[in-house]
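Peer 1: This is the content of structure-v4.pdb (PDB, C-alpha atoms):
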ATOM      1  CA  GLN A   1       0.000   0.000   0.000  1.00  0.00           C
ATOM      2  CA  GLN A   2       2.889   2.357   0.685  1.00  0.00           C
ATOM      3  CA  GLN A   3       4.999   1.528  -2.354  1.00  0.00           C
ATOM      4  CA  VAL A   4       5.791   3.718  -5.291  1.00  0.00           C
ATOM      5  CA  LYS A   5       7.274   1.840  -8.217  1.00  0.00           C
ATOM      6  CA  GLN A   6       9.405   3.709 -10.724  1.00  0.00           C
ATOM      7  CA  SER A   7      10.748   2.714 -14.131  1.00  0.00           C
ATOM      8  CA  PRO A   8      13.056   2.553 -15.941  1.00  0.00           C
ATOM      9  CA  GLN A   9      16.034   2.298 -13.620  1.00  0.00           C
ATOM     10  CA  SER A  10      18.221   4.021 -16.188  1.00  0.00           C
ATOM     11  CA  LEU A  11      17.563   5.916 -19.400  1.00  0.00           C
ATOM     12  CA  ILE A  12      19.758   7.169 -22.214  1.00  0.00           C
ATOM     13  CA  VAL A  13      18.326   9.826 -24.502  1.00  0.00           C
ATOM     14  CA  GLN A  14      19.831  11.833 -27.345  1.00  0.00           C
ATOM     15  CA  LYS A  15      19.973  15.594 -27.053  1.00  0.00           C
ATOM     16  CA  GLY A  16      16.696  17.072 -28.218  1.00  0.00           C
ATOM     17  CA  GLY A  17      14.751  13.893 -27.537  1.00  0.00           C
ATOM     18  CA  ILE A  18      11.941  13.234 -25.076  1.00  0.00           C
ATOM     19  CA  SER A  19      12.721  11.556 -21.751  1.00  0.00           C
ATOM     20  CA  ILE A  20       9.851   9.655 -20.149  1.00  0.00           C
ATOM     21  CA  ILE A  21       9.896   8.228 -16.626  1.00  0.00           C
ATOM     22  CA  ASN A  22       6.961   6.347 -15.173  1.00  0.00           C
ATOM     23  CA  CYS A  23       5.683   5.738 -11.673  1.00  0.00           C
ATOM     24  CA  ALA A  24       2.852   3.672 -10.242  1.00  0.00           C
ATOM     25  CA  TYR A  25       1.367   3.762  -6.785  1.00  0.00           C
ATOM     26  CA  GLU A  26      -1.014   1.630  -4.761  1.00  0.00           C
ATOM     27  CA  ASN A  27      -2.416   3.817  -2.015  1.00  0.00           C
ATOM     28  CA  THR A  28      -5.450   5.694  -3.343  1.00  0.00           C
ATOM     29  CA  ALA A  29      -5.207   8.078  -0.388  1.00  0.00           C
ATOM     30  CA  PHE A  30      -2.070   9.700  -1.831  1.00  0.00           C
ATOM     31  CA  ASP A  31      -2.871  13.267  -2.846  1.00  0.00           C
ATOM     32  CA  TYR A  32       0.471  14.846  -3.732  1.00  0.00           C
ATOM     33  CA  PHE A  33       2.899  13.586  -6.370  1.00  0.00           C
ATOM     34  CA  PRO A  34       6.224  15.416  -6.736  1.00  0.00           C
ATOM     35  CA  TRP A  35       9.248  14.734  -8.868  1.00  0.00           C
ATOM     36  CA  TYR A  36      12.704  15.403  -7.482  1.00  0.00           C
ATOM     37  CA  GLN A  37      15.927  15.903  -9.433  1.00  0.00           C
ATOM     38  CA  GLN A  38      19.268  14.974  -7.923  1.00  0.00           C
ATOM     39  CA  PHE A  39      22.693  15.833  -9.323  1.00  0.00           C
ATOM     40  CA  PRO A  40      25.815  13.985  -8.098  1.00  0.00           C
ATOM     41  CA  GLY A  41      26.978  15.292  -4.743  1.00  0.00           C
ATOM     42  CA  LYS A  42      23.743  17.182  -4.139  1.00  0.00           C
ATOM     43  CA  GLY A  43      20.540  16.494  -2.297  1.00  0.00           C
ATOM     44  CA  PRO A  44      17.282  15.971  -4.222  1.00  0.00           C
ATOM     45  CA  ALA A  45      15.526  19.173  -5.280  1.00  0.00           C
ATOM     46  CA  LEU A  46      11.836  19.560  -6.096  1.00  0.00           C
ATOM     47  CA  LEU A  47      11.343  19.796  -9.867  1.00  0.00           C
ATOM     48  CA  ILE A  48       7.578  19.771 -10.368  1.00  0.00           C
ATOM     49  CA  ALA A  49       4.552  18.401  -8.519  1.00  0.00           C
ATOM     50  CA  ILE A  50       0.915  17.589  -9.202  1.00  0.00           C
ATOM     51  CA  ARG A  51      -2.255  16.913  -7.248  1.00  0.00           C
ATOM     52  CA  PRO A  52      -4.865  14.386  -8.429  1.00  0.00           C
ATOM     53  CA  ASP A  53      -7.476  16.976  -9.370  1.00  0.00           C
ATOM     54  CA  VAL A  54      -5.642  17.671 -12.641  1.00  0.00           C
ATOM     55  CA  SER A  55      -4.397  15.292 -15.328  1.00  0.00           C
ATOM     56  CA  GLU A  56      -1.431  17.292 -16.521  1.00  0.00           C
ATOM     57  CA  LYS A  57       0.914  20.005 -15.326  1.00  0.00           C
ATOM     58  CA  LYS A  58       3.557  21.690 -17.409  1.00  0.00           C
ATOM     59  CA  GLU A  59       6.475  23.856 -16.313  1.00  0.00           C
ATOM     60  CA  GLY A  60       8.792  24.773 -19.137  1.00  0.00           C
ATOM     61  CA  ARG A  61      10.178  21.591 -20.697  1.00  0.00           C
ATOM     62  CA  PHE A  62       8.891  19.424 -17.829  1.00  0.00           C
ATOM     63  CA  THR A  63       5.399  17.897 -17.829  1.00  0.00           C
ATOM     64  CA  ILE A  64       3.681  15.567 -15.379  1.00  0.00           C
ATOM     65  CA  SER A  65       0.916  13.388 -16.753  1.00  0.00           C
ATOM     66  CA  PHE A  66      -1.390  11.886 -14.149  1.00  0.00           C
ATOM     67  CA  ASN A  67      -3.816   8.983 -14.610  1.00  0.00           C
ATOM     68  CA  LYS A  68      -5.874   8.601 -11.458  1.00  0.00           C
ATOM     69  CA  SER A  69      -7.818   5.532 -12.561  1.00  0.00           C
ATOM     70  CA  ALA A  70      -4.629   3.670 -13.473  1.00  0.00           C
ATOM     71  CA  LYS A  71      -2.797   4.987 -10.408  1.00  0.00           C
ATOM     72  CA  GLN A  72       0.100   6.072 -12.584  1.00  0.00           C
ATOM     73  CA  PHE A  73       1.967   9.283 -13.249  1.00  0.00           C
ATOM     74  CA  SER A  74       4.864  10.133 -15.470  1.00  0.00           C
ATOM     75  CA  LEU A  75       7.468  12.810 -16.081  1.00  0.00           C
ATOM     76  CA  HIS A  76       8.134  13.968 -19.621  1.00  0.00           C
ATOM     77  CA  ILE A  77      11.222  16.047 -20.380  1.00  0.00           C
ATOM     78  CA  MET A  78      10.905  17.661 -23.784  1.00  0.00           C
ATOM     79  CA  ASP A  79      13.962  18.725 -25.813  1.00  0.00           C
ATOM     80  CA  SER A  80      16.238  16.907 -23.346  1.00  0.00           C
ATOM     81  CA  GLN A  81      19.612  18.560 -22.762  1.00  0.00           C
ATOM     82  CA  PRO A  82      22.908  17.200 -21.401  1.00  0.00           C
ATOM     83  CA  GLY A  83      22.374  19.424 -18.355  1.00  0.00           C
ATOM     84  CA  ASP A  84      19.265  17.362 -17.563  1.00  0.00           C
ATOM     85  CA  SER A  85      21.482  14.346 -16.863  1.00  0.00           C
ATOM     86  CA  ALA A  86      20.685  13.486 -13.254  1.00  0.00           C
ATOM     87  CA  THR A  87      18.766  11.014 -11.131  1.00  0.00           C
ATOM     88  CA  TYR A  88      15.027  11.589 -10.978  1.00  0.00           C
ATOM     89  CA  PHE A  89      12.782  10.392  -8.167  1.00  0.00           C
ATOM     90  CA  CYS A  90       9.024  10.299  -8.115  1.00  0.00           C
ATOM     91  CA  ALA A  91       7.287  10.415  -4.763  1.00  0.00           C
ATOM     92  CA  ALA A  92       3.855  10.417  -3.213  1.00  0.00           C
ATOM     93  CA  SER A  93       2.358  11.555   0.045  1.00  0.00           C
ATOM     94  CA  ARG A  94      -0.961  11.702   1.815  1.00  0.00           C
ATOM     95  CA  GLN A  95      -2.404  14.839   3.406  1.00  0.00           C
ATOM     96  CA  GLY A  96       0.940  16.585   3.662  1.00  0.00           C
ATOM     97  CA  GLY A  97       2.599  13.665   5.367  1.00  0.00           C
ATOM     98  CA  LYS A  98       5.846  11.916   4.722  1.00  0.00           C
ATOM     99  CA  LEU A  99       7.028  11.376   1.167  1.00  0.00           C
ATOM    100  CA  ILE A 100       7.317   7.837  -0.174  1.00  0.00           C
ATOM    101  CA  PHE A 101       9.946   7.725  -2.915  1.00  0.00           C
ATOM    102  CA  GLY A 102      10.343   5.577  -5.994  1.00  0.00           C
ATOM    103  CA  GLN A 103      13.606   3.785  -6.714  1.00  0.00           C
ATOM    104  CA  GLY A 104      15.011   6.517  -8.934  1.00  0.00           C
ATOM    105  CA  THR A 105      15.901   6.781 -12.635  1.00  0.00           C
ATOM    106  CA  GLU A 106      19.379   7.680 -13.775  1.00  0.00           C
ATOM    107  CA  LEU A 107      18.985   9.813 -16.913  1.00  0.00           C
ATOM    108  CA  SER A 108      21.861  10.399 -19.283  1.00  0.00           C
ATOM    109  CA  VAL A 109      21.357  12.805 -22.190  1.00  0.00           C
ATOM    110  CA  LYS A 110      23.969  12.307 -24.922  1.00  0.00           C
ATOM    111  CA  PRO A 111      25.143  15.317 -26.957  1.00  0.00           C
TER     112      PRO A 111
ATOM    113  CA  GLU B   1      21.368  26.355  -1.650  1.00  0.00           C
ATOM    114  CA  THR B   2      18.064  25.075  -0.300  1.00  0.00           C
ATOM    115  CA  GLY B   3      18.259  26.532   3.209  1.00  0.00           C
ATOM    116  CA  VAL B   4      19.112  23.141   4.717  1.00  0.00           C
ATOM    117  CA  THR B   5      22.768  22.739   5.700  1.00  0.00           C
ATOM    118  CA  GLN B   6      24.388  19.453   6.643  1.00  0.00           C
ATOM    119  CA  THR B   7      27.786  18.895   8.214  1.00  0.00           C
ATOM    120  CA  PRO B   8      30.115  17.240   7.678  1.00  0.00           C
ATOM    121  CA  ARG B   9      29.839  16.584   3.940  1.00  0.00           C
ATOM    122  CA  HIS B  10      32.041  13.505   4.185  1.00  0.00           C
ATOM    123  CA  LEU B  11      32.780  11.226   7.121  1.00  0.00           C
ATOM    124  CA  VAL B  12      34.888   8.101   7.434  1.00  0.00           C
ATOM    125  CA  MET B  13      34.576   6.244  10.701  1.00  0.00           C
ATOM    126  CA  GLY B  14      35.610   2.953  12.182  1.00  0.00           C
ATOM    127  CA  MET B  15      33.076   0.500  13.531  1.00  0.00           C
ATOM    128  CA  THR B  16      33.953   1.357  17.131  1.00  0.00           C
ATOM    129  CA  ASN B  17      33.795   5.128  16.695  1.00  0.00           C
ATOM    130  CA  LYS B  18      31.104   7.543  17.831  1.00  0.00           C
ATOM    131  CA  LYS B  19      30.277  10.454  15.567  1.00  0.00           C
ATOM    132  CA  SER B  20      27.388  12.841  14.937  1.00  0.00           C
ATOM    133  CA  LEU B  21      25.814  14.308  11.844  1.00  0.00           C
ATOM    134  CA  LYS B  22      24.349  17.785  12.033  1.00  0.00           C
ATOM    135  CA  CYS B  23      21.523  19.409  10.113  1.00  0.00           C
ATOM    136  CA  GLU B  24      20.338  23.001  10.314  1.00  0.00           C
ATOM    137  CA  GLN B  25      17.458  24.603   8.453  1.00  0.00           C
ATOM    138  CA  HIS B  26      16.806  28.304   7.995  1.00  0.00           C
ATOM    139  CA  LEU B  27      13.357  27.997   6.432  1.00  0.00           C
ATOM    140  CA  GLY B  28      11.153  28.312   9.496  1.00  0.00           C
ATOM    141  CA  HIS B  29       9.905  24.752   9.077  1.00  0.00           C
ATOM    142  CA  ASN B  30       8.607  22.640  11.937  1.00  0.00           C
ATOM    143  CA  ALA B  31       9.154  19.172  10.497  1.00  0.00           C
ATOM    144  CA  MET B  32      12.570  17.594   9.982  1.00  0.00           C
ATOM    145  CA  TYR B  33      13.566  14.239   8.550  1.00  0.00           C
ATOM    146  CA  TRP B  34      16.514  11.890   8.232  1.00  0.00           C
ATOM    147  CA  TYR B  35      16.746   9.783   5.062  1.00  0.00           C
ATOM    148  CA  LYS B  36      19.281   7.137   4.084  1.00  0.00           C
ATOM    149  CA  GLN B  37      20.252   6.864   0.420  1.00  0.00           C
ATOM    150  CA  SER B  38      22.092   3.744  -0.666  1.00  0.00           C
ATOM    151  CA  ALA B  39      23.139   2.926  -4.207  1.00  0.00           C
ATOM    152  CA  LYS B  40      20.357   1.517  -6.391  1.00  0.00           C
ATOM    153  CA  LYS B  41      17.763   1.873  -3.612  1.00  0.00           C
ATOM    154  CA  PRO B  42      14.945   4.323  -2.967  1.00  0.00           C
ATOM    155  CA  LEU B  43      15.419   6.972  -0.327  1.00  0.00           C
ATOM    156  CA  GLU B  44      14.651   5.320   2.997  1.00  0.00           C
ATOM    157  CA  LEU B  45      12.915   7.450   5.590  1.00  0.00           C
ATOM    158  CA  MET B  46      14.557   6.906   8.976  1.00  0.00           C
ATOM    159  CA  PHE B  47      13.095   9.425  11.414  1.00  0.00           C
ATOM    160  CA  VAL B  48      10.510  12.208  11.441  1.00  0.00           C
ATOM    161  CA  TYR B  49      10.330  15.063  13.917  1.00  0.00           C
ATOM    162  CA  ASN B  50       7.425  17.495  14.225  1.00  0.00           C
ATOM    163  CA  PHE B  51       7.822  20.459  16.567  1.00  0.00           C
ATOM    164  CA  LYS B  52      10.899  18.769  18.116  1.00  0.00           C
ATOM    165  CA  GLU B  53       8.978  15.585  18.908  1.00  0.00           C
ATOM    166  CA  GLN B  54       9.830  12.311  17.183  1.00  0.00           C
ATOM    167  CA  THR B  55       6.726  11.155  15.369  1.00  0.00           C
ATOM    168  CA  GLU B  56       8.173   8.331  13.329  1.00  0.00           C
ATOM    169  CA  ASN B  57      10.966   5.784  13.619  1.00  0.00           C
ATOM    170  CA  ASN B  58      11.031   3.357  10.709  1.00  0.00           C
ATOM    171  CA  SER B  59      12.504   0.409  12.591  1.00  0.00           C
ATOM    172  CA  VAL B  60      15.931   1.988  12.551  1.00  0.00           C
ATOM    173  CA  PRO B  61      18.631   0.101  14.523  1.00  0.00           C
ATOM    174  CA  SER B  62      19.522   1.656  17.861  1.00  0.00           C
ATOM    175  CA  ARG B  63      23.071   2.367  16.692  1.00  0.00           C
ATOM    176  CA  PHE B  64      21.444   5.406  15.034  1.00  0.00           C
ATOM    177  CA  SER B  65      20.190   7.874  17.616  1.00  0.00           C
ATOM    178  CA  PRO B  66      18.459  11.093  16.513  1.00  0.00           C
ATOM    179  CA  GLU B  67      18.198  14.282  18.507  1.00  0.00           C
ATOM    180  CA  CYS B  68      16.134  17.382  17.790  1.00  0.00           C
ATOM    181  CA  PRO B  69      16.864  20.126  20.342  1.00  0.00           C
ATOM    182  CA  ASN B  70      14.740  22.702  18.485  1.00  0.00           C
ATOM    183  CA  SER B  71      12.849  23.045  15.216  1.00  0.00           C
ATOM    184  CA  SER B  72      15.918  24.328  13.383  1.00  0.00           C
ATOM    185  CA  HIS B  73      18.447  21.666  14.333  1.00  0.00           C
ATOM    186  CA  LEU B  74      18.572  17.918  13.907  1.00  0.00           C
ATOM    187  CA  PHE B  75      21.367  15.534  14.816  1.00  0.00           C
ATOM    188  CA  LEU B  76      22.042  11.898  14.061  1.00  0.00           C
ATOM    189  CA  HIS B  77      24.345  10.261  16.583  1.00  0.00           C
ATOM    190  CA  LEU B  78      26.213   7.234  15.301  1.00  0.00           C
ATOM    191  CA  HIS B  79      27.903   4.472  17.287  1.00  0.00           C
ATOM    192  CA  THR B  80      29.191   0.969  16.555  1.00  0.00           C
ATOM    193  CA  LEU B  81      28.113   1.157  12.933  1.00  0.00           C
ATOM    194  CA  GLN B  82      28.497  -1.614  10.390  1.00  0.00           C
ATOM    195  CA  PRO B  83      30.028  -1.376   6.905  1.00  0.00           C
ATOM    196  CA  GLU B  84      26.545  -1.775   5.389  1.00  0.00           C
ATOM    197  CA  ASP B  85      25.584   1.514   7.043  1.00  0.00           C
ATOM    198  CA  SER B  86      27.827   3.292   4.538  1.00  0.00           C
ATOM    199  CA  ALA B  87      25.514   5.564   2.537  1.00  0.00           C
ATOM    200  CA  LEU B  88      24.493   9.147   1.871  1.00  0.00           C
ATOM    201  CA  TYR B  89      22.496  10.492   4.811  1.00  0.00           C
ATOM    202  CA  LEU B  90      20.102  13.251   3.864  1.00  0.00           C
ATOM    203  CA  CYS B  91      18.316  15.696   6.102  1.00  0.00           C
ATOM    204  CA  ALA B  92      15.141  17.406   4.952  1.00  0.00           C
ATOM    205  CA  SER B  93      12.643  19.862   6.359  1.00  0.00           C
ATOM    206  CA  SER B  94       9.097  20.924   5.541  1.00  0.00           C
ATOM    207  CA  ARG B  95       6.174  22.796   6.959  1.00  0.00           C
ATOM    208  CA  THR B  96       4.149  20.576   9.258  1.00  0.00           C
ATOM    209  CA  GLY B  97       1.334  19.330   7.081  1.00  0.00           C
ATOM    210  CA  GLY B  98       3.133  20.668   4.000  1.00  0.00           C
ATOM    211  CA  ALA B  99       4.208  18.139   1.442  1.00  0.00           C
ATOM    212  CA  GLU B 100       7.201  19.868  -0.163  1.00  0.00           C
ATOM    213  CA  ALA B 101      10.415  18.752   1.477  1.00  0.00           C
ATOM    214  CA  PHE B 102      13.685  20.647   1.111  1.00  0.00           C
ATOM    215  CA  PHE B 103      16.827  18.544   1.281  1.00  0.00           C
ATOM    216  CA  GLY B 104      20.339  19.270   2.404  1.00  0.00           C
ATOM    217  CA  GLN B 105      23.324  18.136   0.354  1.00  0.00           C
ATOM    218  CA  GLY B 106      23.850  15.105   2.527  1.00  0.00           C
ATOM    219  CA  THR B 107      26.691  13.532   4.451  1.00  0.00           C
ATOM    220  CA  ARG B 108      28.569  10.778   2.626  1.00  0.00           C
ATOM    221  CA  LEU B 109      29.344   8.245   5.365  1.00  0.00           C
ATOM    222  CA  THR B 110      31.855   5.459   4.965  1.00  0.00           C
ATOM    223  CA  VAL B 111      32.205   2.870   7.726  1.00  0.00           C
ATOM    224  CA  VAL B 112      35.484   0.981   7.673  1.00  0.00           C
TER     225      VAL B 112
END
Translate this structure into structure tokens?
Peer 2:
Amino acid sequence: QQQVKQSPQSLIVQKGGISIINCAYENTAFDYFPWYQQFPGKGPALLIAIRPDVSEKKEGRFTISFNKSAKQFSLHIMDSQPGDSATYFCAASRQGGKLIFGQGTELSVKP
Amino acid sequence: ETGVTQTPRHLVMGMTNKKSLKCEQHLGHNAMYWYKQSAKKPLELMFVYNFKEQTENNSVPSRFSPECPNSSHLFLHLHTLQPEDSALYLCASSRTGGAEAFFGQGTRLTVV
């Protein structure tokens, strides 16, 4: 019930391509779904987040798509750049409580 | 910088040593967290403090002892650790009831 499953574990994308990372959750009480970006030697930083009352949220090149019935959400990075190379974590929480993180995806964008 | 500062950034300790990790946040938050990040694993929540009171302990071994003297400071006291405790230890803070967590840069711990 508390798990968040993330895939793929690693992803290689060419510069300019679209990076897609998927997450699935089990607990229908989750009401906040953030994505965190982590560069080597740094802590995770909030990238973008969504609540289940909307199906999509876009901030610049980053978009979250949310499918409540399937209990899935995904991060799309459009026009991927080498500077986007990092580890991405999805997470979920309930009523402002603790975050439950996915396993992480190591993204590498090749020039 | 996120407003959450962790020291030291790197720590090497023997299995019989005692050391402490420190976290300080300047964001006015009332909730603070310790996470463990091991290679190829999700971030593991260890402890949660709300208004200086421990509200969650995720079955963490007693060789890890947290302390929260006030809402701005969080410590993790370490003693008789094992090599498998080597990991990146991350501190985070948030508003109580707020979902967005701000992380420090972590302490890279190596137990030899």
Peer 1: Rank B:His79, B:His29, B:Arg9, B:His73 by their smallest atom-to-atom distance to B:Phe102, using only C-alpha atoms, and report the top residue only.
Peer 2: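 Comparing B:His79, B:His29, B:Arg9, B:His73 against B:Phe102, the winner is B:His29.
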Peer 1: Please determine, counting all atoms listed in the file, which residue among B:Met46, B:Ala99, B:Leu74, B:Val12 has the shortest atom-to-atom distance to A:Phe30.
Peer 2: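 Closest residue, counting all atoms listed in the file: B:Ala99.
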Peer 1: Can you spell out as number ranges by chain the set of residues that the PyMOL selection byres ((chain B) within 9 of (chain A)) selects in the structure I just provided?
Peer 2: B: 2, 33, 40-45, 48, 90-91, 95-106, 108
Peer 1: Mind listing whatever residues come within 12 Å of the point (-4.6, 1.7, -3.6)? Use only C-alpha atoms, file coordinates, and give them as a list in words.
Peer 2: Gln1, Gln2, Gln3, Val4, Ala24, Tyr25, Glu26, Asn27, Thr28, Ala29, Phe30, Asp31, Lys68, Ser69, Ala70, Lys71, Gln72 and Arg94 of chain A
Peer 1: Go through B:Ser94, B:Leu11, B:Thr107, B:Pro69 and flag the residue nearest B:Gln25, using all atoms listed in the file for the distances.
Peer 2: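 Closest residue, counting all atoms listed in the file: B:Ser94.
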Peer 1: Need the shell around B:Ser38: protein/DNA/RNA residues with any atom at most 10 Å away, counting only C-alpha atoms. Skip same-chain ones fewer than 5 positions apart. Format as a PyMOL selection string?
Peer 2: chain B and resi 43-44+84-89
Peer 1: Taking 4 positions as the minimum chain separation for residues in the same chain, which residues sit within 12 Å of B:Pro61 when counting all atoms listed in the file? Answer as a list in words.
Peer 2: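 Contacts, in chain order: Met46, Phe47, Asn57, Ser65, Pro66, His77, Leu78, His79, Thr80, Leu81, Gln82 and Asp85 of chain B.
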Peer 1: Between atom CA of B:Leu27 and atom CA of B:Gln6, what is the distance, to one decimal in Å?
Peer 2: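 It comes out at 14.0 Å.
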Peer 1: Give me, please, the distance in Å between atom CA of B:Ser93 and atom CA of A:Arg61, quoted to one decimal.
Peer 2: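 The value is 27.2 Å.
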Peer 1: I'd like the interatomic distance between atom CA of A:Lys58 and atom CA of A:Gly17, to a tenth of an Å.
Peer 2: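 Between these atoms lies a distance of 17.0 Å.
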Peer 1: Given the choices B:Lys22, B:Arg63, B:Lys52, B:Lys36, which gets closest to B:Leu76 if the distance is worked out from all atoms listed in the file?
Peer 2: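 Result for the nearest residue to B:Leu76: B:Lys22.
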Peer 1: Take stretch 74-92 of chain A, model N, CA and C atoms, and hand the result over as a compact mmCIF listing (two decimals), keeping the file's coordinate frame.
Peer 2:
# COMPACT_ATOMS: atom_id res chain seq x y z
N SER A 74 3.60 10.18 -14.74
CA SER A 74 4.86 10.13 -15.47
C SER A 74 5.44 11.54 -15.64
N LEU A 75 6.74 11.56 -15.81
CA LEU A 75 7.47 12.81 -16.08
C LEU A 75 7.96 12.77 -17.52
N HIS A 76 7.64 13.82 -18.26
CA HIS A 76 8.13 13.97 -19.62
C HIS A 76 9.09 15.17 -19.66
N ILE A 77 10.27 14.96 -20.18
CA ILE A 77 11.22 16.05 -20.38
C ILE A 77 11.36 16.25 -21.88
N MET A 78 10.84 17.36 -22.35
CA MET A 78 10.90 17.66 -23.78
C MET A 78 12.26 18.30 -24.12
N ASP A 79 12.71 18.11 -25.36
CA ASP A 79 13.96 18.73 -25.81
C ASP A 79 15.06 18.49 -24.76
N SER A 80 15.28 17.25 -24.40
CA SER A 80 16.24 16.91 -23.35
C SER A 80 17.63 17.45 -23.66
N GLN A 81 18.29 17.96 -22.63
CA GLN A 81 19.61 18.56 -22.76
C GLN A 81 20.62 17.81 -21.88
N PRO A 82 21.90 17.86 -22.26
CA PRO A 82 22.91 17.20 -21.40
C PRO A 82 22.86 17.66 -19.94
N GLY A 83 22.50 18.90 -19.72
CA GLY A 83 22.37 19.42 -18.36
C GLY A 83 21.23 18.81 -17.57
N ASP A 84 20.35 18.07 -18.25
CA ASP A 84 19.26 17.36 -17.56
C ASP A 84 19.74 16.03 -17.00
N SER A 85 20.95 15.62 -17.36
CA SER A 85 21.48 14.35 -16.86
C SER A 85 21.56 14.39 -15.34
N ALA A 86 20.83 13.49 -14.71
CA ALA A 86 20.68 13.49 -13.25
C ALA A 86 19.88 12.24 -12.89
N THR A 87 19.67 12.07 -11.59
CA THR A 87 18.77 11.01 -11.13
C THR A 87 17.44 11.65 -10.75
N TYR A 88 16.37 11.06 -11.22
CA TYR A 88 15.03 11.59 -10.98
C TYR A 88 14.25 10.62 -10.08
N PHE A 89 13.59 11.18 -9.09
CA PHE A 89 12.78 10.39 -8.17
C PHE A 89 11.34 10.88 -8.21
N CYS A 90 10.42 9.95 -8.35
CA CYS A 90 9.02 10.30 -8.12
C CYS A 90 8.73 10.03 -6.64
N ALA A 91 7.67 10.62 -6.16
CA ALA A 91 7.29 10.42 -4.76
C ALA A 91 5.79 10.63 -4.64
N ALA A 92 5.27 10.22 -3.50
CA ALA A 92 3.86 10.42 -3.21
C ALA A 92 3.69 10.62 -1.72
